[in-house]
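For reference, target_0.tsv is printed below; it contains TSV, C-alpha atoms.
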chain	number	residue	atom	x	y	z
I	1	MET	CA	-14.10	-19.76	40.60
I	2	LYS	CA	-13.87	-19.85	36.79
I	3	ARG	CA	-11.82	-17.04	35.25
I	4	VAL	CA	-13.77	-14.70	32.96
I	5	THR	CA	-12.41	-14.83	29.40
I	6	ILE	CA	-12.75	-12.75	26.25
I	7	HIS	CA	-15.22	-15.38	25.02
I	8	ASP	CA	-17.51	-14.54	27.97
I	9	VAL	CA	-17.32	-10.82	27.15
I	10	ALA	CA	-18.16	-11.50	23.49
I	11	ALA	CA	-21.13	-13.73	24.42
I	12	THR	CA	-22.49	-11.20	26.92
I	13	ALA	CA	-22.12	-8.26	24.52
I	14	GLY	CA	-23.49	-10.29	21.60
I	15	VAL	CA	-20.55	-9.49	19.32
I	16	SER	CA	-17.65	-11.38	17.72
I	17	LEU	CA	-14.31	-12.11	19.37
I	18	ALA	CA	-12.66	-9.84	16.79
I	19	THR	CA	-14.88	-6.92	17.82
I	20	VAL	CA	-14.08	-7.44	21.52
I	21	ASP	CA	-10.38	-7.60	20.66
I	22	ARG	CA	-10.59	-4.31	18.72
I	23	VAL	CA	-12.45	-2.54	21.53
I	24	LEU	CA	-10.20	-3.77	24.34
I	25	ASN	CA	-7.07	-2.85	22.39
I	26	GLY	CA	-8.38	0.54	21.23
I	27	ARG	CA	-8.30	-0.29	17.52
I	28	PRO	CA	-10.45	1.56	14.97
I	29	GLY	CA	-13.39	0.22	12.99
I	30	VAL	CA	-16.00	-0.23	15.75
I	31	ARG	CA	-19.14	1.87	16.20
I	32	LYS	CA	-19.47	3.93	19.37
I	33	ALA	CA	-22.58	2.04	20.53
I	34	THR	CA	-20.79	-1.29	20.13
I	35	ILE	CA	-17.76	0.01	22.04
I	36	GLU	CA	-20.01	0.98	24.95
I	37	LYS	CA	-21.75	-2.41	24.86
I	38	VAL	CA	-18.43	-4.30	25.01
I	39	ARG	CA	-17.04	-2.13	27.81
I	40	LEU	CA	-20.24	-2.51	29.84
I	41	ALA	CA	-20.08	-6.30	29.44
I	42	ALA	CA	-16.42	-6.33	30.51
I	43	ASP	CA	-17.19	-4.19	33.58
I	44	ASN	CA	-20.23	-6.26	34.62
I	45	LEU	CA	-18.21	-9.49	34.31
I	46	ASN	CA	-15.22	-7.92	36.07
I	47	TYR	CA	-13.08	-9.06	33.14
I	48	LYS	CA	-9.30	-8.81	33.68
I	49	PRO	CA	-6.84	-9.45	30.81
I	50	ASP	CA	-4.54	-12.41	31.42
I	51	VAL	CA	-1.11	-10.76	31.37
I	52	PHE	CA	0.69	-14.13	31.42
I	53	ALA	CA	-1.30	-15.37	28.42
I	54	ALA	CA	-0.58	-12.11	26.59
I	55	GLY	CA	3.12	-12.66	27.21
I	56	LEU	CA	2.92	-16.15	25.79
I	57	ALA	CA	1.05	-14.83	22.76
I	58	LYS	CA	4.01	-12.65	21.85
I	59	LYS	CA	6.12	-15.78	21.54
I	60	ARG	CA	3.74	-17.49	19.15
I	61	LEU	CA	4.27	-17.98	15.45
I	62	TYR	CA	3.06	-15.14	13.22
I	63	ARG	CA	1.59	-16.42	9.95
I	64	PHE	CA	1.10	-13.70	7.33
I	65	HIS	CA	-0.39	-14.09	3.85
I	66	PHE	CA	0.51	-11.64	1.08
I	67	LEU	CA	-1.89	-11.53	-1.88
I	68	ILE	CA	0.02	-9.99	-4.79
I	69	PRO	CA	-0.98	-9.80	-8.49
I	70	ASN	CA	0.76	-12.19	-10.86
I	71	GLY	CA	1.49	-11.73	-14.55
I	72	PRO	CA	4.16	-9.74	-16.42
I	73	ASN	CA	4.14	-6.74	-14.07
I	74	ALA	CA	7.74	-5.95	-13.20
I	75	PHE	CA	6.88	-3.97	-10.07
I	76	MET	CA	4.58	-6.68	-8.73
I	77	GLU	CA	7.30	-9.22	-9.51
I	78	ASP	CA	9.68	-7.13	-7.38
I	79	LEU	CA	7.06	-6.98	-4.62
I	80	SER	CA	6.62	-10.77	-4.70
I	81	GLN	CA	10.37	-11.33	-4.68
I	82	GLU	CA	10.78	-9.03	-1.68
I	83	ALA	CA	8.04	-10.92	0.18
I	84	ALA	CA	9.59	-14.28	-0.74
I	85	SER	CA	13.00	-13.05	0.41
I	86	HIS	CA	11.58	-11.97	3.77
I	87	ALA	CA	9.79	-15.32	4.05
I	88	GLU	CA	13.21	-17.01	3.99
I	89	THR	CA	14.98	-14.63	6.36
I	90	MET	CA	12.17	-14.54	8.93
I	91	SER	CA	11.38	-18.25	9.05
I	92	GLY	CA	13.59	-18.59	12.13
I	93	ASP	CA	12.06	-15.55	13.83
I	94	ARG	CA	8.69	-17.14	14.72
I	95	MET	CA	7.21	-15.77	11.51
I	96	THR	CA	6.08	-17.33	8.24
I	97	ILE	CA	5.12	-15.41	5.11
I	98	HIS	CA	3.11	-17.02	2.33
I	99	VAL	CA	2.82	-15.26	-1.04
I	100	GLU	CA	-0.42	-16.00	-2.91
I	101	PRO	CA	-0.67	-14.86	-6.57
I	102	ILE	CA	-3.95	-13.17	-7.53
I	103	ASP	CA	-5.50	-11.59	-10.60
I	104	ALA	CA	-6.07	-7.94	-9.63
I	105	PHE	CA	-8.53	-7.50	-12.51
I	106	ASP	CA	-10.82	-10.32	-11.31
I	107	GLY	CA	-12.64	-9.10	-8.21
I	108	HIS	CA	-14.58	-12.34	-7.71
I	109	ARG	CA	-11.42	-14.45	-7.61
I	110	VAL	CA	-9.71	-12.08	-5.19
I	111	ALA	CA	-12.82	-12.15	-3.00
I	112	GLY	CA	-12.85	-15.95	-3.18
I	113	THR	CA	-9.22	-16.13	-2.09
I	114	LEU	CA	-9.95	-13.88	0.89
I	115	ALA	CA	-13.07	-15.90	1.74
I	116	VAL	CA	-11.17	-19.12	2.53
I	117	LEU	CA	-8.77	-17.45	5.00
I	118	ASP	CA	-9.33	-17.45	8.76
I	119	ARG	CA	-7.43	-17.72	12.04
I	120	SER	CA	-6.73	-21.42	11.44
I	121	VAL	CA	-4.72	-20.47	8.33
I	122	CYS	CA	-3.13	-17.10	9.07
I	123	ASP	CA	-2.79	-14.29	11.60
I	124	GLY	CA	-2.76	-11.37	9.17
I	125	VAL	CA	-3.26	-10.56	5.48
I	126	ALA	CA	-1.70	-7.95	3.19
I	127	VAL	CA	-3.56	-7.63	-0.11
I	128	VAL	CA	-3.21	-5.53	-3.25
I	129	ALA	CA	-6.95	-4.89	-3.23
I	130	PRO	CA	-8.86	-4.06	-6.43
I	131	ALA	CA	-11.71	-1.62	-5.78
I	132	PHE	CA	-14.60	-4.03	-6.30
I	133	PRO	CA	-17.52	-4.26	-3.83
I	134	GLU	CA	-17.10	-8.03	-3.48
I	135	VAL	CA	-13.48	-7.50	-2.41
I	136	ARG	CA	-14.55	-4.94	0.17
I	137	ALA	CA	-17.13	-7.37	1.55
I	138	SER	CA	-14.54	-10.16	1.79
I	139	ILE	CA	-12.10	-7.87	3.62
I	140	ASP	CA	-14.86	-6.93	6.07
I	141	ARG	CA	-15.77	-10.55	6.71
I	142	LEU	CA	-12.10	-11.49	7.19
I	143	GLN	CA	-11.78	-8.71	9.77
I	144	ASP	CA	-14.86	-10.06	11.53
I	145	ARG	CA	-13.17	-13.47	11.67
I	146	GLY	CA	-10.39	-11.87	13.69
I	147	VAL	CA	-7.75	-11.60	10.95
I	148	PRO	CA	-6.28	-8.09	10.57
I	149	VAL	CA	-6.11	-6.90	6.96
I	150	VAL	CA	-3.66	-4.40	5.50
I	151	THR	CA	-4.10	-3.07	1.96
I	152	LEU	CA	-0.89	-2.86	-0.07
I	153	VAL	CA	-0.05	-0.50	-2.99
I	154	SER	CA	-3.75	0.01	-3.88
I	155	ASP	CA	-6.09	0.98	-1.04
I	156	HIS	CA	-9.71	0.06	-0.30
I	157	PRO	CA	-10.60	2.74	2.30
I	158	SER	CA	-14.33	1.96	2.32
I	159	SER	CA	-13.51	-1.50	3.70
I	160	ALA	CA	-12.72	-2.41	7.32
I	161	ARG	CA	-9.02	-2.81	6.52
I	162	GLN	CA	-6.89	-1.57	9.40
I	163	HIS	CA	-4.02	0.14	7.55
I	164	PHE	CA	-2.83	1.08	4.06
I	165	VAL	CA	0.79	0.55	3.04
I	166	GLY	CA	1.63	2.47	-0.11
I	167	ILE	CA	2.25	5.87	-1.62
I	168	ASP	CA	-0.25	8.71	-1.86
I	169	ASN	CA	-1.39	7.87	-5.39
I	170	GLN	CA	-3.16	11.18	-5.95
I	171	ALA	CA	0.10	12.95	-5.11
I	172	ALA	CA	1.91	10.63	-7.55
I	173	GLY	CA	-0.59	11.58	-10.27
I	174	ARG	CA	-0.18	15.26	-9.48
I	175	THR	CA	3.57	14.79	-9.77
I	176	ALA	CA	3.11	13.24	-13.21
I	177	GLY	CA	0.89	16.12	-14.28
I	178	ARG	CA	3.40	18.70	-13.11
I	179	LEU	CA	6.27	16.95	-14.86
I	180	LEU	CA	4.31	16.86	-18.12
I	181	GLY	CA	3.36	20.52	-17.74
I	182	ARG	CA	6.93	21.61	-16.99
I	183	PHE	CA	8.37	19.59	-19.85
I	184	LEU	CA	5.72	21.07	-22.18
I	185	PRO	CA	5.52	24.68	-20.92
I	186	GLU	CA	4.06	26.65	-23.81
I	187	LYS	CA	2.95	24.92	-27.00
I	188	GLU	CA	-0.56	23.49	-27.05
I	189	GLY	CA	-0.59	19.71	-27.20
I	190	GLN	CA	-2.43	16.52	-26.40
I	191	ILE	CA	-1.43	13.97	-23.74
I	192	GLY	CA	-2.15	10.28	-24.21
I	193	LEU	CA	-3.13	8.27	-21.13
I	194	ILE	CA	-2.69	4.52	-20.64
I	195	ALA	CA	-3.97	2.78	-17.48
I	196	GLY	CA	-4.28	-0.82	-16.39
I	197	SER	CA	-7.85	-0.09	-15.38
I	198	LEU	CA	-9.56	2.84	-13.72
I	199	GLY	CA	-11.29	0.13	-11.67
I	200	LEU	CA	-8.01	-0.11	-9.74
I	201	ARG	CA	-8.04	2.57	-7.08
I	202	ASP	CA	-4.35	3.47	-7.39
I	203	HIS	CA	-4.76	4.02	-11.14
I	204	ALA	CA	-7.96	6.04	-10.67
I	205	GLU	CA	-6.31	8.22	-8.03
I	206	ARG	CA	-3.24	8.84	-10.20
I	207	TYR	CA	-5.44	9.84	-13.12
I	208	GLU	CA	-7.46	12.20	-10.93
I	209	GLY	CA	-4.31	13.83	-9.53
I	210	CYS	CA	-2.83	14.31	-13.00
I	211	ARG	CA	-6.11	15.70	-14.35
I	212	GLN	CA	-6.40	18.24	-11.52
I	213	VAL	CA	-2.91	19.65	-12.13
I	214	ILE	CA	-3.15	19.75	-15.93
I	215	GLU	CA	-6.59	21.37	-16.00
I	216	THR	CA	-5.85	24.01	-13.34
I	217	GLU	CA	-2.21	24.87	-14.04
I	218	PHE	CA	-1.45	23.80	-17.61
I	219	PRO	CA	-4.70	24.39	-19.54
I	220	HIS	CA	-2.80	24.58	-22.83
I	221	LEU	CA	-2.47	20.78	-22.58
I	222	GLU	CA	-5.38	18.43	-23.33
I	223	LEU	CA	-5.70	15.03	-21.69
I	224	LEU	CA	-7.08	12.46	-24.09
I	225	LYS	CA	-9.46	9.67	-23.10
I	226	VAL	CA	-7.85	7.00	-20.91
I	227	ARG	CA	-7.08	3.77	-22.75
I	228	GLU	CA	-7.01	0.63	-20.57
I	229	GLY	CA	-4.46	-2.11	-21.24
I	230	ARG	CA	-4.86	-4.22	-18.05
I	231	ASP	CA	-1.13	-3.74	-17.33
I	232	ASP	CA	-0.39	-6.11	-20.21
I	233	ASN	CA	2.66	-5.41	-22.37
I	234	ALA	CA	1.15	-6.64	-25.63
I	235	ARG	CA	-2.08	-4.71	-25.10
I	236	ASN	CA	-0.19	-1.55	-24.17
I	237	ALA	CA	1.99	-1.86	-27.27
I	238	ASP	CA	-1.12	-2.15	-29.42
I	239	LEU	CA	-2.84	0.78	-27.68
I	240	VAL	CA	0.20	3.06	-28.05
I	241	THR	CA	0.68	2.09	-31.70
I	242	LYS	CA	-2.94	3.02	-32.43
I	243	LEU	CA	-2.65	6.21	-30.36
I	244	LEU	CA	0.40	7.35	-32.33
I	245	LYS	CA	-1.46	6.66	-35.58
I	246	ASP	CA	-4.61	8.51	-34.45
I	247	VAL	CA	-2.73	11.51	-32.99
I	248	PRO	CA	0.22	12.25	-35.30
I	249	ASP	CA	1.31	15.32	-33.29
I	250	LEU	CA	1.00	13.74	-29.82
I	251	ALA	CA	2.94	15.85	-27.32
I	252	GLY	CA	3.03	13.64	-24.22
I	253	LEU	CA	2.27	10.21	-22.85
I	254	TYR	CA	1.49	9.11	-19.29
I	255	ASN	CA	1.45	5.41	-18.47
I	256	ILE	CA	-0.50	5.34	-15.21
I	257	GLY	CA	0.09	1.68	-14.39
I	258	ALA	CA	2.33	-1.15	-15.52
I	259	GLY	CA	2.94	-2.65	-18.97
I	260	ASN	CA	5.86	-0.27	-19.55
I	261	ARG	CA	7.76	-2.77	-21.69
I	262	GLY	CA	5.00	-2.71	-24.31
I	263	THR	CA	4.64	1.06	-24.15
I	264	ILE	CA	8.40	1.55	-24.50
I	265	ALA	CA	8.60	-0.89	-27.42
I	266	ALA	CA	5.80	0.82	-29.37
I	267	LEU	CA	7.18	4.29	-28.77
I	268	SER	CA	10.72	3.22	-29.73
I	269	ALA	CA	9.49	1.56	-32.92
I	270	SER	CA	7.70	4.74	-33.98
I	271	ALA	CA	10.91	6.82	-34.19
I	272	ARG	CA	8.99	9.58	-32.35
I	273	ALA	CA	10.23	8.81	-28.84
I	274	GLU	CA	12.43	11.88	-28.46
I	275	LYS	CA	9.61	14.17	-29.62
I	276	ILE	CA	7.09	12.87	-27.06
I	277	VAL	CA	7.39	13.52	-23.32
I	278	PHE	CA	6.82	10.14	-21.66
I	279	VAL	CA	6.22	9.79	-17.91
I	280	GLY	CA	5.55	6.47	-16.19
I	281	HIS	CA	5.75	4.56	-12.93
I	282	GLU	CA	8.16	2.20	-11.15
I	283	LEU	CA	11.90	1.88	-11.62
I	284	THR	CA	12.70	-1.45	-13.30
I	285	PRO	CA	15.48	-2.53	-15.63
I	286	TYR	CA	13.18	-1.65	-18.55
I	287	THR	CA	12.25	1.86	-17.40
I	288	SER	CA	15.87	2.53	-16.37
I	289	ASP	CA	17.05	1.67	-19.90
I	290	ALA	CA	14.26	3.80	-21.37
I	291	LEU	CA	15.45	6.78	-19.32
I	292	ARG	CA	19.05	6.27	-20.41
I	293	ASN	CA	17.98	6.00	-24.06
I	294	ASN	CA	15.74	9.12	-23.93
I	295	VAL	CA	12.56	7.12	-24.54
I	296	MET	CA	11.21	8.01	-21.09
I	297	ASP	CA	11.64	11.42	-19.51
I	298	ALA	CA	10.71	10.68	-15.90
I	299	VAL	CA	9.78	7.71	-13.71
I	300	ILE	CA	7.75	8.06	-10.52
I	301	ALA	CA	8.70	5.21	-8.19
I	302	GLN	CA	8.01	3.56	-4.85
I	303	ASP	CA	10.28	1.18	-2.93
I	304	PRO	CA	8.87	-2.39	-2.95
I	305	GLY	CA	11.28	-3.48	-0.20
I	306	HIS	CA	10.10	-0.71	2.11
I	307	GLU	CA	6.47	-1.60	1.42
I	308	ILE	CA	6.94	-5.28	2.27
I	309	ARG	CA	8.90	-4.51	5.43
I	310	SER	CA	6.28	-1.94	6.43
I	311	ALA	CA	3.39	-4.36	5.86
I	312	ILE	CA	5.12	-6.98	8.02
I	313	ARG	CA	5.75	-4.50	10.83
I	314	VAL	CA	2.17	-3.21	10.69
I	315	LEU	CA	0.64	-6.70	10.71
I	316	LYS	CA	2.79	-7.72	13.66
I	317	ALA	CA	1.81	-4.55	15.54
I	318	LEU	CA	-1.87	-5.25	14.85
I	319	CYS	CA	-1.48	-8.81	16.15
I	320	ASP	CA	0.28	-7.58	19.29
I	321	GLY	CA	-2.00	-4.61	19.89
I	322	ALA	CA	1.07	-2.38	19.64
I	323	PRO	CA	1.15	1.18	18.25
I	324	ILE	CA	2.07	1.81	14.60
I	325	ASN	CA	4.87	4.29	13.90
I	326	ASP	CA	3.31	6.40	11.14
I	327	GLY	CA	6.59	8.15	10.33
I	328	GLN	CA	8.43	4.88	9.84
I	329	GLU	CA	5.63	3.41	7.73
I	330	ARG	CA	5.16	6.40	5.41
I	331	ILE	CA	6.07	5.31	1.86
I	332	GLY	CA	7.87	8.01	-0.11
I	333	ILE	CA	7.47	9.00	-3.75
I	334	ASP	CA	10.71	9.05	-5.76
I	335	VAL	CA	11.22	10.78	-9.11
I	336	PHE	CA	13.98	9.53	-11.41
I	337	LEU	CA	15.41	11.20	-14.49
I	338	LYS	CA	18.29	9.80	-16.52
I	339	ASP	CA	20.59	12.01	-14.42
I	340	ASN	CA	19.86	10.49	-11.00
I	341	LEU	CA	19.50	6.79	-11.77
I	342	PRO	CA	21.00	4.56	-9.09
I	343	GLY	CA	24.26	2.91	-10.14
Let me see the structure of the file written as structure tokens.
Amino acid sequence: MKRVTIHDVAATAGVSLATVDRVLNGRPGVRKATIEKVRLAADNLNYKPDVFAAGLAKKRLYRFHFLIPNGPNAFMEDLSQEAASHAETMSGDRMTIHVEPIDAFDGHRVAGTLAVLDRSVCDGVAVVAPAFPEVRASIDRLQDRGVPVVTLVSDHPSSARQHFVGIDNQAAGRTAGRLLGRFLPEKEGQIGLIAGSLGLRDHAERYEGCRQVIETEFPHLELLKVREGRDDNARNADLVTKLLKDVPDLAGLYNIGAGNRGTIAALSASARAEKIVFVGHELTPYTSDALRNNVMDAVIAQDPGHEIRSAIRVLKALCDGAPINDGQERIGIDVFLKDNLPG
């Protein structure tokens, strides 16, 4: 008698293999009615998982693709280097990691990159996902093709992605707002804001967190309109130069995204650096030097190595149908001043 397979269950229930896999392994992202349909089909067919085949599956090669923005973004460069380093060290551990550069500001290209991936190419995808509808649709379709997707650094919660690896960006923004408020406790002043783009969810969430804290707890400070520099050093330098010219008594500056080199250069050239409270993100050689030289006052950081290791562990767990250790995968928010810089 022919053994009933997962393909038979999918055909009987009228759903994809990926949906059957999610239901049978208790993974999220499936509607209740669909869950009942799959379970009924499995019961009627007397489907029994093949334990021996499952054991063999754990010995297969895991092929993971990491889609990480390219360009002069020091933090993303660190993220790519961490992924490349793990690709070398894990090549002998039945695991391959491929790093694919993307343009996070071009939703159609990111969607196109996701569209060509399937189970013949990879077993899991980690993507720094810009918050465009076409990217969400591509993530959903990739999930339907049976490839688990993890969002990295910037989340896309409206998609069918199975896990987010990154910091709580609203909390990071609130931290920035509190630092600015504490550094500027009494005198009224204006705060300049530079973002890569508010179309990036992590940048939008940081802005919202900062705005909430400033408006509710430090109303003597005024947040100026967000200027968008696409995380580009030259654009940020130009934006900050114009900002300093337009607001001669600027009290504070918050760089929500990347492009810190340009921001630091413009502020340093103005000879007003020590008069302006400057808070930014990610600890790099450039932001470390800016802290030491009193150009920056605080840096809010996340650990790229932890994020890459976490994404790998999560993708492997999703492939194996294993539980995810939320405590281990929680990414912390670090705050650095010139006094606590690592040696």
Please produce, as JSON lines, a per-residue contact table for region 9-47 of chain I versus region 149-172 of chain I (criterion: any atom at most 10 Å away, only C-alpha atoms considered), showing the nearest atom pair and its distance in Å to one decimal, sorted by chain then residue number.
{"residue": "I:Arg27", "atom": "CA", "partner": "I:Gln162", "partner_atom": "CA", "distance": 8.3}
{"residue": "I:Pro28", "atom": "CA", "partner": "I:Gln162", "partner_atom": "CA", "distance": 7.3}
{"residue": "I:Gly29", "atom": "CA", "partner": "I:Ala160", "partner_atom": "CA", "distance": 6.3}
{"residue": "I:Val30", "atom": "CA", "partner": "I:Ala160", "partner_atom": "CA", "distance": 9.3}
Region 203-273 of chain I near region 113-137 of chain I within 12 Å: what's each residue's closest atom pair and its distance in Å to one decimal, counting only C-alpha atoms, ordered by chain then ascending residue number, as CSV?
residue,atom,partner,partner_atom,distance
I:His203,CA,I:Pro130,CA,10.2
I:Ala204,CA,I:Ala131,CA,9.8
I:Glu205,CA,I:Ala131,CA,11.4
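Among the candidates I:Val99, I:Leu40, I:Ala301, I:Val314, the one nearest to Thr175 (chain I) when counting all atoms listed in the file is I:Ala301.
For the choices I:Gly71, I:Ile6, I:Gly14, I:Phe105, the atom-to-atom distance to Tyr47 (chain I) is smallest for I:Ile6 when using all atoms listed in the file.
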Counting all atoms listed in the file, the residue of I:Asn233, I:Ile324, I:Ala290, I:Ala176 that sits nearest Ala311 (chain I)
I:Ile324
Go through I:Val110, I:Ile308, I:Ile331, I:Leu337 and flag the residue nearest Ser288 (chain I), using all atoms listed in the file for the distances.
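The answer is I:Leu337, which sits nearest to Ser288 (chain I).
Using all atoms listed in the file, the nearest neighbour of Val295 (chain I) within the list I:Glu36, I:Pro69, I:Leu267, I:Ile312 is I:Leu267.
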Distance query Ala273 (chain I) at most 9 Å, all atoms listed in the file, self and fewer than 5 positions along chain excluded, as an NGL selection string:
:I and (264 or 267-268 or 278 or 294-296)
Distance query Pro185 (chain I) at most 10 Å, only C-alpha atoms, self and fewer than 5 positions along chain excluded, as a ChimeraX atom specification
/I:179-180,218,220-221
What does the distance from CA of Phe66 (chain I) to CA of Val299 (chain I) come to in Å, to one decimal?
26.1 Å
I:Asp238, I:Glu307, I:Glu188, I:Asp21 ranked by distance to Ala265 (chain I), top pick (using only C-alpha atoms)
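Looking at the shortest contact to Ala265 (chain I), the residue is I:Asp238.
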